[in-house]
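Source file: structure.cif. Holds: mmCIF, C-alpha atoms.
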data_my_file
loop_
_atom_site.label_atom_id
_atom_site.label_comp_id
_atom_site.auth_asym_id
_atom_site.auth_seq_id
_atom_site.Cartn_x
_atom_site.Cartn_y
_atom_site.Cartn_z
CA MET K 273 11.67 2.07 24.38
CA ALA K 274 10.14 -0.23 26.97
CA GLU K 275 10.19 2.45 29.65
CA ASP K 276 7.18 4.66 29.90
CA VAL K 277 5.23 3.69 26.80
CA LYS K 278 1.87 5.40 26.65
CA TYR K 279 -0.01 2.92 24.48
CA ILE K 280 -1.74 -0.13 25.92
CA THR K 281 -1.44 -3.74 24.87
CA VAL K 282 -4.81 -5.45 24.59
CA THR K 283 -5.66 -9.13 24.36
CA ASP K 284 -8.69 -11.30 23.67
CA ASP K 285 -9.40 -11.12 27.41
CA THR K 286 -8.98 -7.39 27.98
CA PHE K 287 -10.43 -6.11 24.72
CA GLU K 288 -13.98 -5.70 26.04
CA ALA K 289 -12.98 -3.61 29.04
CA GLU K 290 -10.12 -1.63 27.51
CA VAL K 291 -11.61 -0.89 24.11
CA LEU K 292 -15.34 -1.49 23.89
CA GLN K 293 -16.12 0.08 27.26
CA SER K 294 -13.65 2.92 27.00
CA ASP K 295 -14.91 6.46 27.57
CA GLN K 296 -12.29 7.77 25.19
CA PRO K 297 -11.96 6.97 21.49
CA VAL K 298 -9.53 4.07 20.92
CA LEU K 299 -7.29 3.34 17.96
CA VAL K 300 -6.39 -0.36 17.84
CA ASP K 301 -3.39 -1.45 15.79
CA PHE K 302 -3.79 -5.09 14.69
CA TRP K 303 -0.27 -6.35 14.05
CA ALA K 304 2.04 -9.37 14.10
CA ALA K 305 5.76 -9.90 14.49
CA TRP K 306 6.13 -11.30 10.96
CA CYS K 307 4.56 -8.33 9.21
CA GLY K 308 7.01 -5.89 7.61
CA PRO K 309 4.63 -2.96 7.13
CA CYS K 310 3.57 -3.23 10.79
CA ARG K 311 7.06 -1.94 11.59
CA ILE K 312 6.12 1.31 9.89
CA ILE K 313 3.09 1.81 12.13
CA ALA K 314 4.82 0.87 15.40
CA PRO K 315 6.71 4.14 16.02
CA LEU K 316 3.64 6.17 15.01
CA ILE K 317 1.56 4.46 17.69
CA ILE K 318 4.19 5.37 20.31
CA GLU K 319 4.22 9.01 19.19
CA LEU K 320 0.45 9.32 18.90
CA ALA K 321 -0.05 7.73 22.34
CA GLU K 322 2.08 10.51 23.74
CA GLU K 323 0.33 13.26 21.79
CA PHE K 324 -3.19 12.09 22.58
CA GLU K 325 -2.56 11.15 26.20
CA GLY K 326 -5.69 11.80 28.24
CA ARG K 327 -7.81 12.36 25.12
CA ALA K 328 -7.69 9.08 23.21
CA LYS K 329 -6.28 5.63 23.79
CA LEU K 330 -3.78 3.93 21.51
CA ALA K 331 -3.81 0.15 21.68
CA LYS K 332 -1.91 -2.69 20.05
CA LEU K 333 -3.26 -6.18 19.52
CA ASP K 334 -1.04 -9.04 18.37
CA VAL K 335 -3.21 -11.09 15.98
CA ASP K 336 -1.14 -14.24 16.47
CA GLN K 337 -1.73 -14.28 20.23
CA ASN K 338 -5.30 -13.01 20.03
CA PRO K 339 -7.07 -14.57 17.08
CA THR K 340 -10.59 -14.19 18.48
CA VAL K 341 -10.80 -10.40 18.43
CA ALA K 342 -9.12 -10.25 15.03
CA MET K 343 -11.61 -12.76 13.64
CA ASN K 344 -14.62 -11.04 15.21
CA PHE K 345 -13.74 -7.82 13.47
CA GLY K 346 -13.00 -9.51 10.14
CA VAL K 347 -9.33 -8.54 10.14
CA ARG K 348 -7.75 -10.31 7.15
CA SER K 349 -4.90 -7.98 6.45
CA ILE K 350 -2.34 -6.35 8.67
CA PRO K 351 -1.61 -3.76 9.66
CA THR K 352 -5.29 -2.92 10.13
CA LEU K 353 -6.17 0.09 12.24
CA LEU K 354 -9.66 0.22 13.70
CA PHE K 355 -11.01 3.36 15.35
CA PHE K 356 -13.50 2.67 18.16
CA LYS K 357 -15.89 5.07 19.78
CA ASP K 358 -18.61 4.07 22.28
CA GLY K 359 -17.93 0.41 21.64
CA ARG K 360 -18.33 0.57 17.87
CA VAL K 361 -15.96 0.68 14.91
CA VAL K 362 -16.33 4.14 13.41
CA ASP K 363 -13.42 4.19 10.99
CA GLN K 364 -10.72 1.92 9.62
CA LEU K 365 -7.43 2.04 7.77
CA ILE K 366 -5.88 -0.96 6.07
CA GLY K 367 -2.15 -1.01 5.40
CA ALA K 368 0.47 1.47 6.49
CA ALA K 369 -0.66 5.08 6.52
CA PRO K 370 1.13 8.38 7.15
CA LYS K 371 1.01 9.78 10.68
CA LYS K 372 -0.94 12.80 9.53
CA THR K 373 -3.84 10.62 8.38
CA LEU K 374 -3.96 8.84 11.73
CA SER K 375 -3.77 11.97 13.83
CA GLU K 376 -6.44 13.74 11.76
CA LYS K 377 -8.85 10.85 12.19
CA LEU K 378 -8.14 10.74 15.93
CA GLU K 379 -8.55 14.51 16.27
CA SER K 380 -11.94 14.38 14.64
CA LEU K 381 -13.06 11.57 16.96
CA VAL K 382 -11.78 13.44 20.00
CA ALA K 383 -13.63 16.56 18.84
CA GLN K 384 -16.88 14.59 18.62
CA THR K 385 -16.41 13.23 22.13
CA VAL K 386 -16.17 16.60 23.86
CA MET U 30 2.53 26.16 -2.67
CA ALA U 31 -0.28 28.58 -1.91
CA ASP U 32 -0.21 28.72 1.88
CA VAL U 33 3.24 27.39 2.80
CA ASP U 34 5.79 30.05 3.78
CA PHE U 35 9.41 29.37 2.77
CA THR U 36 11.04 32.48 4.27
CA SER U 37 12.54 30.67 7.26
CA ALA U 38 12.49 27.13 5.84
CA GLU U 39 15.23 24.64 6.69
CA ARG U 40 17.74 24.43 3.82
CA ARG U 41 19.74 21.30 3.00
CA ASN U 42 22.45 20.27 0.52
CA VAL U 43 20.71 17.09 -0.51
CA VAL U 44 17.16 15.96 0.12
CA ILE U 45 16.38 12.36 -0.76
CA ILE U 46 12.78 11.35 -1.28
CA GLY U 47 12.15 7.69 -0.52
CA SER U 48 13.78 5.07 1.70
CA GLY U 49 14.08 1.86 -0.30
CA PRO U 50 17.43 0.49 -1.55
CA ALA U 51 17.85 3.44 -3.95
CA GLY U 52 17.15 6.21 -1.42
CA LEU U 53 19.16 4.68 1.40
CA THR U 54 22.17 3.95 -0.83
CA ALA U 55 22.04 7.54 -2.09
CA ALA U 56 21.92 8.60 1.58
CA LEU U 57 24.88 6.41 2.50
CA TYR U 58 27.06 7.91 -0.25
CA ALA U 59 25.90 11.48 0.34
CA ALA U 60 26.47 11.11 4.09
CA ARG U 61 29.98 9.78 3.54
CA ALA U 62 30.62 12.82 1.33
CA ASN U 63 29.69 14.99 4.35
CA LEU U 64 26.61 16.38 2.64
CA GLU U 65 24.39 15.63 5.66
CA PRO U 66 21.55 14.27 3.56
CA LEU U 67 17.97 14.49 4.72
CA VAL U 68 15.75 11.54 3.80
CA PHE U 69 11.97 11.64 3.79
CA GLN U 70 10.88 8.06 4.14
CA GLY U 71 7.59 8.40 2.30
CA PRO U 72 4.38 6.45 2.83
CA GLU U 73 6.13 3.05 2.87
CA PRO U 74 9.42 3.37 4.78
CA GLY U 75 11.84 0.72 3.57
CA GLY U 76 10.06 0.43 0.25
CA GLN U 77 8.87 -2.68 -1.53
CA LEU U 78 11.28 -5.05 0.22
CA ILE U 79 9.35 -4.52 3.45
CA THR U 80 6.61 -6.73 2.06
CA THR U 81 8.84 -9.52 0.74
CA THR U 82 10.23 -12.59 2.43
CA ASP U 83 13.57 -14.09 1.46
CA VAL U 84 15.81 -11.97 -0.71
CA GLU U 85 18.07 -14.51 -2.39
CA ASN U 86 19.54 -12.40 -5.16
CA TYR U 87 21.22 -9.55 -3.28
CA PRO U 88 24.94 -10.25 -3.44
CA GLY U 89 26.76 -10.55 -0.13
CA PHE U 90 24.04 -12.61 1.55
CA PRO U 91 24.79 -16.18 0.44
CA GLU U 92 22.14 -17.66 2.74
CA GLY U 93 19.55 -15.07 1.72
CA ILE U 94 18.09 -12.43 4.01
CA MET U 95 14.56 -11.36 4.92
CA GLY U 96 13.45 -8.20 3.09
CA PRO U 97 12.54 -6.18 6.23
CA GLU U 98 15.76 -7.24 7.94
CA MET U 99 17.81 -6.13 4.94
CA MET U 100 16.15 -2.74 4.95
CA ILE U 101 16.91 -2.26 8.65
CA LYS U 102 20.57 -2.84 7.77
CA PHE U 103 20.36 -0.32 4.91
CA GLU U 104 18.90 2.22 7.35
CA GLU U 105 21.52 1.59 10.02
CA GLN U 106 24.34 1.94 7.53
CA ALA U 107 23.00 5.25 6.17
CA VAL U 108 22.38 6.63 9.67
CA ARG U 109 25.83 5.58 10.90
CA PHE U 110 27.42 8.18 8.60
CA GLY U 111 25.08 11.00 9.52
CA THR U 112 21.92 10.61 7.44
CA ASP U 113 18.97 12.53 8.86
CA LEU U 114 16.09 10.06 8.44
CA ARG U 115 12.59 11.44 8.94
CA TYR U 116 9.02 10.31 8.54
CA GLY U 117 7.16 12.37 6.00
CA VAL U 118 5.65 12.38 2.55
CA VAL U 119 6.51 14.98 -0.07
CA THR U 120 3.16 16.37 -1.14
CA GLU U 121 4.20 19.26 -3.42
CA VAL U 122 7.35 20.46 -5.20
CA ASP U 123 8.54 23.57 -6.99
CA PHE U 124 11.55 22.74 -9.17
CA SER U 125 11.76 26.11 -10.95
CA GLU U 126 15.23 26.85 -9.51
CA SER U 127 17.74 25.64 -6.90
CA PRO U 128 17.23 25.70 -3.96
CA PHE U 129 14.18 23.65 -4.85
CA LYS U 130 11.05 23.94 -2.75
CA LEU U 131 9.47 20.86 -1.17
CA VAL U 132 6.37 20.64 0.98
CA ILE U 133 6.26 17.77 3.45
CA ASP U 134 2.92 16.40 4.67
CA GLU U 135 1.17 19.41 3.14
CA ASN U 136 2.56 21.82 5.73
CA THR U 137 6.33 21.72 6.30
CA PRO U 138 8.57 23.69 3.89
CA ILE U 139 12.07 22.42 3.04
CA LEU U 140 14.63 23.97 0.69
CA ALA U 141 16.99 21.63 -1.14
CA ASP U 142 20.05 22.59 -3.19
CA THR U 143 19.77 19.20 -4.87
CA VAL U 144 17.02 16.61 -4.82
CA ILE U 145 17.34 12.86 -5.30
CA ILE U 146 14.04 11.20 -6.17
CA SER U 147 13.89 7.56 -5.07
CA THR U 148 10.16 7.17 -4.66
CA GLY U 149 10.03 3.72 -6.23
CA ALA U 150 6.90 2.01 -7.38
CA ALA U 151 3.78 0.57 -5.80
CA ALA U 152 1.77 -2.57 -6.51
CA ARG U 153 -0.76 -2.14 -9.26
CA TYR U 154 -4.40 -3.01 -8.70
CA LEU U 155 -6.92 -4.28 -11.24
CA GLY U 156 -8.92 -1.07 -10.88
CA ILE U 157 -12.37 -2.57 -10.41
CA GLU U 158 -14.94 -1.32 -7.94
CA ASN U 159 -15.33 -4.49 -5.86
CA GLU U 160 -11.59 -4.89 -5.52
CA LYS U 161 -11.40 -1.59 -3.66
CA ARG U 162 -14.39 -2.46 -1.50
CA LEU U 163 -12.91 -5.82 -0.46
CA LEU U 164 -9.34 -4.61 0.06
CA GLY U 165 -8.24 -5.95 3.43
CA HIS U 166 -11.18 -8.36 3.42
CA GLY U 167 -9.70 -10.96 1.12
CA VAL U 168 -8.13 -8.72 -1.52
CA SER U 169 -4.44 -8.13 -0.87
CA ALA U 170 -1.24 -7.06 -2.57
CA CYS U 171 0.96 -8.49 0.18
CA ALA U 172 1.02 -12.23 0.74
CA THR U 173 3.61 -11.96 3.50
CA CYS U 174 1.36 -9.57 5.44
CA ASP U 175 -1.90 -11.35 4.99
CA GLY U 176 -1.17 -14.96 4.04
CA ALA U 177 -1.58 -16.30 7.57
CA PHE U 178 -5.25 -15.28 7.60
CA PHE U 179 -5.97 -17.82 4.86
CA ARG U 180 -5.04 -21.00 6.66
CA ASP U 181 -6.70 -24.04 5.02
CA GLN U 182 -8.55 -21.82 2.57
CA GLU U 183 -8.33 -21.52 -1.21
CA VAL U 184 -6.76 -18.41 -2.69
CA ALA U 185 -5.79 -17.01 -6.08
CA VAL U 186 -2.75 -15.03 -7.16
CA VAL U 187 -3.00 -12.89 -10.30
CA GLY U 188 0.14 -12.39 -12.34
CA GLY U 189 2.91 -14.25 -14.12
CA GLY U 190 6.15 -12.66 -12.95
CA ASP U 191 8.60 -13.37 -10.15
CA THR U 192 6.45 -11.54 -7.62
CA ALA U 193 3.46 -13.72 -8.48
CA MET U 194 5.52 -16.93 -8.10
CA GLU U 195 7.00 -15.73 -4.82
CA GLU U 196 3.57 -14.83 -3.44
CA ALA U 197 2.06 -18.13 -4.60
CA LEU U 198 4.87 -20.16 -3.05
CA PHE U 199 4.63 -18.25 0.21
CA LEU U 200 0.86 -18.78 0.34
CA THR U 201 1.25 -22.57 0.09
CA ARG U 202 2.45 -22.44 3.71
CA PHE U 203 -1.08 -21.57 4.79
CA ALA U 204 -3.62 -22.06 2.03
CA SER U 205 -4.95 -25.47 1.03
CA LYS U 206 -4.85 -24.49 -2.64
CA VAL U 207 -3.28 -21.62 -4.60
CA TYR U 208 -4.50 -20.80 -8.11
CA VAL U 209 -2.20 -18.70 -10.25
CA ILE U 210 -4.24 -16.73 -12.78
CA HIS U 211 -2.25 -15.52 -15.75
CA ARG U 212 -3.47 -13.81 -18.91
CA ARG U 213 -0.98 -15.61 -21.15
CA SER U 214 -0.06 -19.25 -21.65
CA GLU U 215 3.49 -18.82 -20.41
CA LEU U 216 5.10 -17.12 -17.44
CA ARG U 217 7.32 -14.07 -17.39
CA ALA U 218 8.96 -15.21 -14.14
CA SER U 219 12.59 -16.30 -13.97
CA LYS U 220 13.29 -19.96 -14.70
CA ILE U 221 14.18 -20.80 -11.11
CA MET U 222 10.94 -19.32 -9.73
CA GLN U 223 8.85 -21.01 -12.46
CA ASP U 224 10.37 -24.38 -11.64
CA ARG U 225 9.71 -23.99 -7.95
CA ALA U 226 6.10 -22.98 -8.52
CA GLN U 227 5.45 -25.76 -11.00
CA LYS U 228 6.82 -28.38 -8.63
CA GLU U 229 4.56 -27.27 -5.80
CA GLU U 230 1.53 -29.53 -5.54
CA LYS U 231 -0.76 -26.94 -4.00
CA ILE U 232 -0.31 -24.55 -6.93
CA GLU U 233 -2.57 -24.84 -9.95
CA PHE U 234 -2.12 -22.59 -12.98
CA VAL U 235 -5.11 -21.06 -14.72
CA TRP U 236 -3.79 -19.94 -18.11
CA ASN U 237 -5.09 -17.33 -20.57
CA SER U 238 -7.39 -15.80 -18.01
CA THR U 239 -8.09 -12.38 -16.58
CA VAL U 240 -9.98 -11.44 -13.42
CA GLU U 241 -13.16 -9.57 -14.36
CA ASP U 242 -14.71 -9.18 -10.94
CA VAL U 243 -14.33 -10.01 -7.24
CA LEU U 244 -17.49 -11.21 -5.56
CA GLY U 245 -18.52 -11.36 -1.92
CA GLU U 246 -20.70 -9.46 0.52
CA LYS U 247 -18.27 -8.68 3.33
CA GLU U 248 -15.36 -10.90 2.38
CA VAL U 249 -14.12 -12.37 -0.86
CA GLU U 250 -16.15 -15.45 -1.82
CA SER U 251 -15.26 -15.91 -5.47
CA ILE U 252 -13.73 -14.30 -8.52
CA GLN U 253 -15.06 -14.07 -12.03
CA LEU U 254 -12.63 -15.05 -14.78
CA LYS U 255 -12.63 -14.46 -18.51
CA ASN U 256 -10.69 -16.66 -20.89
CA THR U 257 -8.64 -14.43 -23.17
CA GLN U 258 -8.79 -16.97 -26.04
CA THR U 259 -12.42 -18.01 -26.04
CA GLY U 260 -14.05 -15.12 -24.20
CA GLU U 261 -15.73 -17.68 -21.96
CA ARG U 262 -16.56 -16.58 -18.40
CA SER U 263 -16.30 -18.72 -15.30
CA THR U 264 -16.44 -18.39 -11.53
CA LEU U 265 -13.75 -19.64 -9.20
CA SER U 266 -14.50 -20.03 -5.52
CA VAL U 267 -11.67 -18.52 -3.44
CA GLN U 268 -11.46 -16.68 -0.12
CA GLY U 269 -8.43 -14.60 -1.01
CA LEU U 270 -7.23 -12.71 -4.08
CA PHE U 271 -3.59 -11.61 -4.15
CA LEU U 272 -2.47 -9.13 -6.79
CA ALA U 273 0.93 -9.40 -8.43
CA ILE U 274 0.29 -7.72 -11.77
CA GLY U 275 3.15 -5.28 -11.76
CA HIS U 276 3.88 -1.84 -10.44
CA THR U 277 3.20 1.83 -11.06
CA PRO U 278 5.95 4.37 -10.36
CA ASN U 279 5.24 6.78 -7.48
CA THR U 280 5.95 9.89 -9.49
CA SER U 281 2.65 11.76 -9.80
CA VAL U 282 3.76 14.58 -7.47
CA PHE U 283 6.51 15.48 -9.97
CA LYS U 284 4.43 15.35 -13.15
CA ASP U 285 4.32 19.11 -13.75
CA TRP U 286 8.10 19.37 -13.65
CA LEU U 287 9.83 16.26 -14.94
CA ASP U 288 9.86 14.44 -18.28
CA MET U 289 8.26 11.02 -17.96
CA ASP U 290 7.34 8.20 -20.27
CA ASP U 291 3.73 7.11 -20.85
CA LEU U 292 3.75 4.92 -17.77
CA GLY U 293 5.03 7.65 -15.45
CA TYR U 294 8.66 6.56 -15.20
CA ILE U 295 10.95 9.61 -15.00
CA ILE U 296 13.34 9.98 -17.91
CA THR U 297 16.99 10.58 -17.03
CA GLN U 298 19.96 11.45 -19.24
CA ALA U 299 21.72 8.46 -20.83
CA ASP U 300 24.07 6.80 -18.30
CA ARG U 301 23.31 9.49 -15.71
CA THR U 302 20.71 10.08 -13.04
CA GLN U 303 20.10 13.73 -13.99
CA SER U 304 16.47 14.52 -14.89
CA ASN U 305 15.47 17.28 -17.31
CA ILE U 306 15.92 19.72 -14.41
CA ASP U 307 19.47 20.61 -13.47
CA GLY U 308 20.08 19.49 -9.86
CA VAL U 309 17.20 17.02 -9.67
CA PHE U 310 18.41 13.42 -9.82
CA VAL U 311 16.42 10.21 -10.02
CA SER U 312 17.31 6.68 -8.92
CA GLY U 313 15.66 3.30 -8.46
CA ASP U 314 12.30 2.11 -9.77
CA ALA U 315 11.03 5.68 -10.25
CA GLN U 316 13.18 5.77 -13.39
CA ASP U 317 13.68 2.07 -14.15
CA HIS U 318 10.98 -0.17 -15.57
CA VAL U 319 13.45 -2.61 -17.09
CA TYR U 320 15.50 -4.15 -14.26
CA ARG U 321 13.65 -3.18 -11.04
CA GLN U 322 15.96 -5.08 -8.69
CA ALA U 323 17.15 -4.11 -5.23
CA VAL U 324 20.73 -4.25 -6.44
CA THR U 325 20.10 -2.05 -9.50
CA ALA U 326 18.15 0.40 -7.35
CA ALA U 327 21.06 0.57 -4.92
CA GLY U 328 23.40 1.04 -7.90
CA THR U 329 21.49 4.00 -9.31
CA GLY U 330 21.10 5.42 -5.79
CA CYS U 331 24.89 5.48 -5.53
CA MET U 332 25.12 7.13 -8.95
CA ALA U 333 22.59 9.81 -7.94
CA ALA U 334 24.57 10.68 -4.79
CA ILE U 335 27.80 11.00 -6.78
CA ASP U 336 26.03 13.09 -9.45
CA ALA U 337 24.60 15.36 -6.74
CA GLU U 338 27.95 15.68 -5.00
CA ARG U 339 29.65 16.74 -8.25
CA TRP U 340 26.83 19.14 -9.07
CA LEU U 341 27.27 20.84 -5.69
CA ALA U 342 31.08 20.90 -5.99
CA GLU U 343 30.91 22.55 -9.41
CA ARG U 344 28.78 25.31 -7.93
CA GLY U 345 31.05 25.74 -4.94
CA SER U 346 28.38 24.93 -2.37
#
structure tokens encoding of this file:
Amino acid sequence: MAEDVKYITVTDDTFEAEVLQSDQPVLVDFWAAWCGPCRIIAPLIIELAEEFEGRAKLAKLDVDQNPTVAMNFGVRSIPTLLFFKDGRVVDQLIGAAPKKTLSEKLESLVAQTV
Amino acid sequence: MADVDFTSAERRNVVIIGSGPAGLTAALYAARANLEPLVFQGPEPGGQLITTTDVENYPGFPEGIMGPEMMIKFEEQAVRFGTDLRYGVVTEVDFSESPFKLVIDENTPILADTVIISTGAAARYLGIENEKRLLGHGVSACATCDGAFFRDQEVAVVGGGDTAMEEALFLTRFASKVYVIHRRSELRASKIMQDRAQKEEKIEFVWNSTVEDVLGEKEVESIQLKNTQTGERSTLSVQGLFLAIGHTPNTSVFKDWLDMDDLGYIITQADRTQSNIDGVFVSGDAQDHVYRQAVTAAGTGCMAAIDAERWLAERGS
């Protein structure tokens, strides 16, 4: 799985550049190793990163390692999925969600970007 | 079924809906009977155990095992014998005759000679407006997911069963204080869990009380309580509210076809897993509001697979 993953891993340090200043819409998955339901999201992020390559970014942020970003965005439950466009949160999902829901939300953001 | 075309749909011997202990045990048995079962994992793959910590009452694990880890083992065991495990949620069914029609994620048609429903149950919410608004911002139904965000803060758990005790005990690892709000003056939880909770210094019980409202602008700041004996209202300052007030079966998609009780649990024949529709079997919490244990769910999952296997054999398929 490690080879050729299409999603990016963001940190407190890289969040600004990778997410807030991104030209493309970004879906950030706030997760942690101890969170069972985060396991459900993980494979979806890999698949969606592939499907949306070049159109939207998929990012993962480990809340244990990067508490600042999580706190700034008021994340108090994981998995939390935040959808960013032009540096702002435009949509959010809390808890595990089916792939279809995620891809529909991303499609609509991509459509707005073009 | 309006716009889904079944003419060239994939057809399977056994389709299992749900991937908790019931669904994956049904899959294990069906796979070992060479029925090549197809499992749709549903919106919460792994089921309720994914959000628990130590499972201490599943036989065969004397030291206990973490819920998510146990479900990975269930999955591996089912897949080892040929289970086809897929992501997907069943959004519509037509049970008028076998092969039964299923729609996955509103667009993919599947035909199933037999169906095993193992959709389980989901945490129940209080059903108040502010609870929905603050979900993920202090309101939670999963202490193991969200507990760590409440370090050195005060939180409340609503409920009086084993889940409530387990959540409260887990939260003491992070929170400075854990209130357990219960509408009665005694707990429904098992003796061992009650004892553990009552011995824990950080836990304080608030008896005969219900949660009337959750207050806070962007995050939970307090909850409003009502005493069930005196009717008196009070406010408790907490930053987190964890719900453990029981479960609702995930059966609404089947309501036009299957007999259910008032709470939505599917009714099966006595000592069998057969529903009122011939060839549709039900296992786990979707049909059990009495025991609701991983081991009983696995037990009825096994029964459903054997029932389905016999049903298919009798019809020569």
Chain U contacts to chain K at 10 Å (only C-alpha atoms) as number ranges by chain: U: 71-82, 95-98, 116-118, 134-135, 164-179, 247-248, 269
Have a look at atom CA of Ala315 of chain U and atom CA of Ala226 of chain U and let me know their distance in Å, one decimal. 29.1 Å
Apply the PyMOL selection byres ((chain K and resi 290) around 12) to the structure shown and report the selected residues as a ChimeraX atom specification. /K:279-289,291-300,328-333,356-359
With a distance cut-off of 10 Å and only C-alpha atoms, select the neighbouring residues of Leu155 of chain U, excluding the residue or stretch itself and same-chain residues fewer than 6 positions from it, and output the selection as a PDB file with C-alpha atoms, in the coordinates of the input.
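Contents of result.pdb, freshly written:
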ATOM      1  CA  LYS U 161     -11.400  -1.590  -3.660  1.00  0.00           C
ATOM      2  CA  VAL U 187      -3.000 -12.890 -10.300  1.00  0.00           C
ATOM      3  CA  THR U 239      -8.090 -12.380 -16.580  1.00  0.00           C
ATOM      4  CA  VAL U 240      -9.980 -11.440 -13.420  1.00  0.00           C
ATOM      5  CA  GLU U 241     -13.160  -9.570 -14.360  1.00  0.00           C
ATOM      6  CA  ASP U 242     -14.710  -9.180 -10.940  1.00  0.00           C
ATOM      7  CA  LEU U 272      -2.470  -9.130  -6.790  1.00  0.00           C
ATOM      8  CA  ALA U 273       0.930  -9.400  -8.430  1.00  0.00           C
ATOM      9  CA  ILE U 274       0.290  -7.720 -11.770  1.00  0.00           C
TER      10      ILE U 274
END
Using Å and a single decimal, report how far atom CA of Val68 of chain U sits from atom CA of Phe324 of chain K.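 Separating atom CA of Phe324 of chain K from atom CA of Val68 of chain U is a distance of 26.7 Å.
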When you draw a straight line from atom CA of Ser312 of chain U to atom CA of Ile221 of chain U, how long is it in Å?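 Interatomic distance here is 27.7 Å.
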Give me the result of the PyMOL selection byres ((chain U and resi 277) around 8) on this file, residue by residue, as a PyMOL selection string. chain U and resi 150-153+275-276+278-279+292-293
Counting all atoms listed in the file, which residues of segment 64-156 of chain U fall within 6 Å of segment 41-59 of chain U, and what is the closest atom pair for each with its distance in Å at one decimal, ordered by chain and rising number, as a Markdown table?
| residue | atom | partner | partner_atom | distance |
| --- | --- | --- | --- | --- |
| U:Leu64 | CA | U:Ala59 | CA | 5.5 |
| U:Pro66 | CA | U:Val43 | CA | 5.0 |
| U:Leu67 | CA | U:Val44 | CA | 4.9 |
| U:Val68 | CA | U:Ile45 | CA | 4.7 |
| U:Phe69 | CA | U:Ile46 | CA | 5.1 |
| U:Gln70 | CA | U:Ser48 | CA | 4.8 |
| U:Gly71 | CA | U:Gly47 | CA | 5.4 |
| U:Pro74 | CA | U:Ser48 | CA | 5.6 |
| U:Gly75 | CA | U:Gly49 | CA | 4.6 |
| U:Gly76 | CA | U:Gly49 | CA | 4.3 |
| U:Ala107 | CA | U:Leu57 | CA | 4.3 |
| U:Ala141 | CA | U:Arg41 | CA | 5.0 |
| U:Asp142 | CA | U:Asn42 | CA | 5.0 |
| U:Thr143 | CA | U:Val43 | CA | 4.9 |
| U:Val144 | CA | U:Val44 | CA | 5.0 |
| U:Ile145 | CA | U:Ile45 | CA | 4.7 |
| U:Ile146 | CA | U:Ile46 | CA | 5.1 |
| U:Ser147 | CA | U:Gly47 | CA | 4.9 |
| U:Thr148 | CA | U:Gly47 | CA | 4.6 |
Which is closest to Glu338 of chain U among U:Gly308, U:Asp314, U:Arg202, U:Tyr154, if we use only C-alpha atoms?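 Looking only at the distances to Glu338 of chain U, the closest residue turns out to be U:Gly308.
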Contacts of Val267 of chain U at 7 Å or less, counting only C-alpha atoms, minus same-chain residues fewer than 6 places along, as a ChimeraX atom specification? /U:183-185,250-252
Running the PyMOL selection byres ((chain U and resi 295) around 9) on this model by hand, what would come out? Give it as a PyMOL selection string. chain U and resi 278+280+283-284+287-290+293-294+296-297+304+311+315-317
